[in-house]
Amino acid sequence: MGKLNYDKWSKLELSDDSDIEGHPNVDHASLVRWKQRDIHEKREERKFKIAHYEQELKNNDALYPKLVEITKTVAEGGPSAFSSTVERLKTQPSPDAPAPGQKKYDEMIYDAMMSVREECKAEGLDGKDDKLGEALVAKLEGQKKQLLDRQEYLKQEIVKEKAEQDKKITSDDIHEGFSSSSVNKAVEPAPITSSLSKKPVTKKAATTIETLNAPSTSTANFPRSTTENTAHETEEADDEGEEDEDETLPELTPELLAFSRIKRGNFEESYRFIQEHRSVYVPGADDALLVAAFDAETNGKSDYAKNCVNQALLIQYCEKLGPDGPALFFRRAMQGHKAALAVFSKDVDDTYKHLKGRVEATRDEVASGKEQVQLVASDPSMSFSFSVPDGPPPPNLTLDEELKDLDIEQVREALQTRWDVFQSFPQNLQDALKANSLDKVNKVLGKMEVSDAEEVVRLLSSTGIMDVADGGEVRDMTGKE
């Protein structure tokens with residue numbers, strides 16, 4: 001008869017209360033609880049360490065090809081190529097990053113190259129030294145070697161930590177086998193819907209120039225705030241024509257109302273609330289909180305408004321981190337990760353500042369009661385462009401091969417008219433057209449009387465200074481916003 005193998009039971013982490021040696025001044029129950037807590041904290045710490053190492057591996061896998069390419073460029077172009085690469089990384093970094101709110105890959109490369117530059121300076125090498133190019137390449141090769149060595153170290157640490165993790169059976173290793181029982185799956189809470197919810201985009205072939213009325217005090221003018229990378233894309237147009245006259249806004253549910261009152265910085269309470277009230281972590285919840293923030297700021301409740309912004313961004317950050325977003329975000333926040341908390345805090349401040357500016361702008365526009373003419377593309381994929389004449393037509397005007405059939409005098413007259421019309425515009429409008437900026441042109445048009453602005457739009461279109469896809473038309477949207 002074969003022997004039974006009991007080795008699998010050695011992975012069970014069991015203990016009798018008598019195994020824990022006590023102290024005469026400490027009750028035994030407390031010692032047991034401390035021992036249990038110590039075991040669980042070490043498990044969580046090991047899980048976090050493994051996740052951190054794996055993420056660093058992925059980051060380095062993305063950084064290494066960039067470093068190889070830069071080393072090759074510097075080897076071919078010398079110190080000037082090094083300087084131009086540093087300047088590009090500093091002024092025009094790629095938005096690619098491991099996750100929202102984290103340091104960008106280009107910023108990591110920039111730090112490494114600045115370290116190389118500082119090392120060369122410390123060795124007395126400058127731009128006039130013939131050995132500078134070789135030194136730069138050698139130090140970049142050193143950076144590559146350090147990265148590869150780090151990768152090997154991380155792989156070994158992951159193997160070691162996972163081996164330690166597998167020594168004991170935990171609740172994470174328990175899987176249900178065959179079962180004849182039936183468990184009703186918990187019903188997912190419904191999203192918070194409104195007319196601000198995402199709709200299918202229907203593209204139109206025409207571009208329109210709309211005459212917009214001044215915004216009302218409705219919070220419908222407040223857009224959803226997002227981070228990134230760190231600039232906020234918070235300017236979303238919410239006027240959808242006559243179809244949106246009965247627009248409804250997302251409202252706070254009782255659970256969201258309670259969530260919005262949790263003080264900023266109390267991550268433990270916010271995390272516990274999300275775990276206990278799944279209905280606050282649903283699509284549309286962040287929109288409802290931002291609308292509540294706009295209402296609060298309009299009514300002079302600035303502290304509560306910023307609190308709502310804070311809670312809305314908590315939800316947005318968690319959503320961007322994927323299925324395990326809440327656990328990942330709050331774990332780092334509660335551990336006091338300075339870099340992550342600094343990014344989040346800045347995002348809250350910037351979003352609240354933008355919201356406050358929108359409230360003030362809305363008040364000013366409502367007080368003036370002034371209608372505006374604005375250039376708006378009916379299709380987001382379309383764009384306006386402005387072709388500003390450099391001056392009057394030259395005396396020796398010649399026509400290209402494609403235009404040889406036209407009367408040269410008529411062309412000269414059209415170009416002269418185009419120049420005269422441009423010169424007749426006020427200086428601020430000329431500057432906006434030269435900048436080829438639709439926002440700047442709309443800003444100037446918004447300060448004009450409607451009749452004057454409509455005449456400007458007509459002249460821009462008729463002279464060809466404004467290029468609008470499919471012609472466009474002036475449409476009066478007064479009272480239909």
# chains A, B, ... in the order shown; residues from 1 in each chain; ligands from 1

$ residues_around --residues "Glu134 of chain A" --least-positions-apart "2" --cutoff "10 Å" --atoms "only C-alpha atoms" --output "compact mmCIF listing (two decimals) with N, CA and C atoms, in the first residue's frame"
# COMPACT_ATOMS: atom_id res chain seq x y z
N VAL A 74 23.16 60.53 -31.66
CA VAL A 74 24.29 61.31 -31.12
C VAL A 74 25.60 60.82 -31.71
N ALA A 75 25.74 59.52 -31.91
CA ALA A 75 26.97 58.97 -32.51
C ALA A 75 27.17 59.50 -33.92
N GLY A 78 26.89 63.96 -33.29
CA GLY A 78 27.77 64.61 -32.34
C GLY A 78 27.03 65.43 -31.29
N PRO A 79 27.76 66.34 -30.63
CA PRO A 79 27.18 67.16 -29.55
C PRO A 79 25.96 67.98 -29.98
N ASP A 130 37.09 68.36 -28.40
CA ASP A 130 36.89 67.38 -29.47
C ASP A 130 36.43 66.02 -28.93
N LYS A 131 36.71 65.74 -27.66
CA LYS A 131 36.35 64.46 -27.08
C LYS A 131 34.93 64.42 -26.53
N LEU A 132 34.21 65.55 -26.62
CA LEU A 132 32.87 65.62 -26.05
C LEU A 132 31.92 64.62 -26.71
N LEU A 136 29.94 61.66 -24.77
CA LEU A 136 28.46 61.60 -24.72
C LEU A 136 27.97 60.21 -25.13
N VAL A 137 28.55 59.69 -26.22
CA VAL A 137 28.13 58.37 -26.69
C VAL A 137 28.46 57.29 -25.65
N ALA A 138 29.68 57.40 -25.06
CA ALA A 138 30.09 56.41 -24.07
C ALA A 138 29.17 56.42 -22.86
N LYS A 139 28.79 57.60 -22.42
CA LYS A 139 27.92 57.69 -21.24
C LYS A 139 26.50 57.24 -21.55
N LEU A 140 26.04 57.48 -22.78
CA LEU A 140 24.73 56.97 -23.18
C LEU A 140 24.75 55.44 -23.24

$ closest_residue --among "A:Lys42, A:Lys144, A:Arg412, A:Lys434" --to "Leu397 of chain A" --atoms "only C-alpha atoms"
A:Arg412

$ residues_around --residues "segment 324-330 of chain A" --least-positions-apart "2" --cutoff "12 Å" --atoms "only C-alpha atoms" --output "MDAnalysis selection string"
chainID A and resid 44 47:48 51:52 99:102 265:275 278 281 313:322 332:337 340:341 344

$ residues_around --residues "Pro65 of chain A" --least-positions-apart "3" --cutoff "12 Å" --atoms "only C-alpha atoms" --output "MDAnalysis selection string"
chainID A and resid 59:62 68:72 105:106 109 144 147:148

$ atom_distance --atom1 "atom CA of Val348 of chain A" --atom2 "atom CA of Leu249 of chain A"
21.9 Å

$ closest_residue --among "A:Val376, A:Val343, A:Ser260, A:Ala296" --to "Cys308 of chain A" --atoms "only C-alpha atoms"
A:Ser260

$ residues_around --residues "Thr298 of chain A" --least-positions-apart "3" --cutoff "10 Å" --atoms "only C-alpha atoms" --output "list in words"
Thr217, Ser218, Thr219, Ala292, Ala293, Phe294, Asp295, Lys301, Ser302, Ala305, Leu355, Lys356, Arg358, Val359, Glu360, Thr362 and Arg363 of chain A

$ write_last_selection --atoms "C-alpha atoms" --output "short mmCIF file (atom, residue, chain, number, x, y, z; two decimals), in the first residue's frame"
data_model
loop_
_atom_site.label_atom_id
_atom_site.label_comp_id
_atom_site.auth_asym_id
_atom_site.auth_seq_id
_atom_site.Cartn_x
_atom_site.Cartn_y
_atom_site.Cartn_z
CA THR A 217 -27.02 80.54 -15.92
CA SER A 218 -27.75 76.85 -16.55
CA THR A 219 -25.01 74.50 -15.62
CA ALA A 292 -23.22 69.93 -8.64
CA ALA A 293 -19.88 71.76 -8.34
CA PHE A 294 -20.98 74.30 -10.93
CA ASP A 295 -24.27 74.87 -9.09
CA LYS A 301 -20.53 77.68 -1.95
CA SER A 302 -16.89 77.55 -3.04
CA ALA A 305 -17.82 73.16 -5.13
CA LEU A 355 -14.96 75.91 -13.32
CA LYS A 356 -14.78 79.15 -11.34
CA ARG A 358 -16.74 79.58 -16.36
CA VAL A 359 -19.13 80.65 -13.62
CA GLU A 360 -17.76 84.21 -13.65
CA THR A 362 -21.45 83.13 -17.46
CA ARG A 363 -22.47 85.81 -14.98
#

$ atom_distance --atom1 "atom CA of Arg261 of chain A" --atom2 "atom CA of Gly284 of chain A"
18.0 Å

$ atom_distance --atom1 "atom CA of Pro323 of chain A" --atom2 "atom CA of Val282 of chain A"
12.2 Å
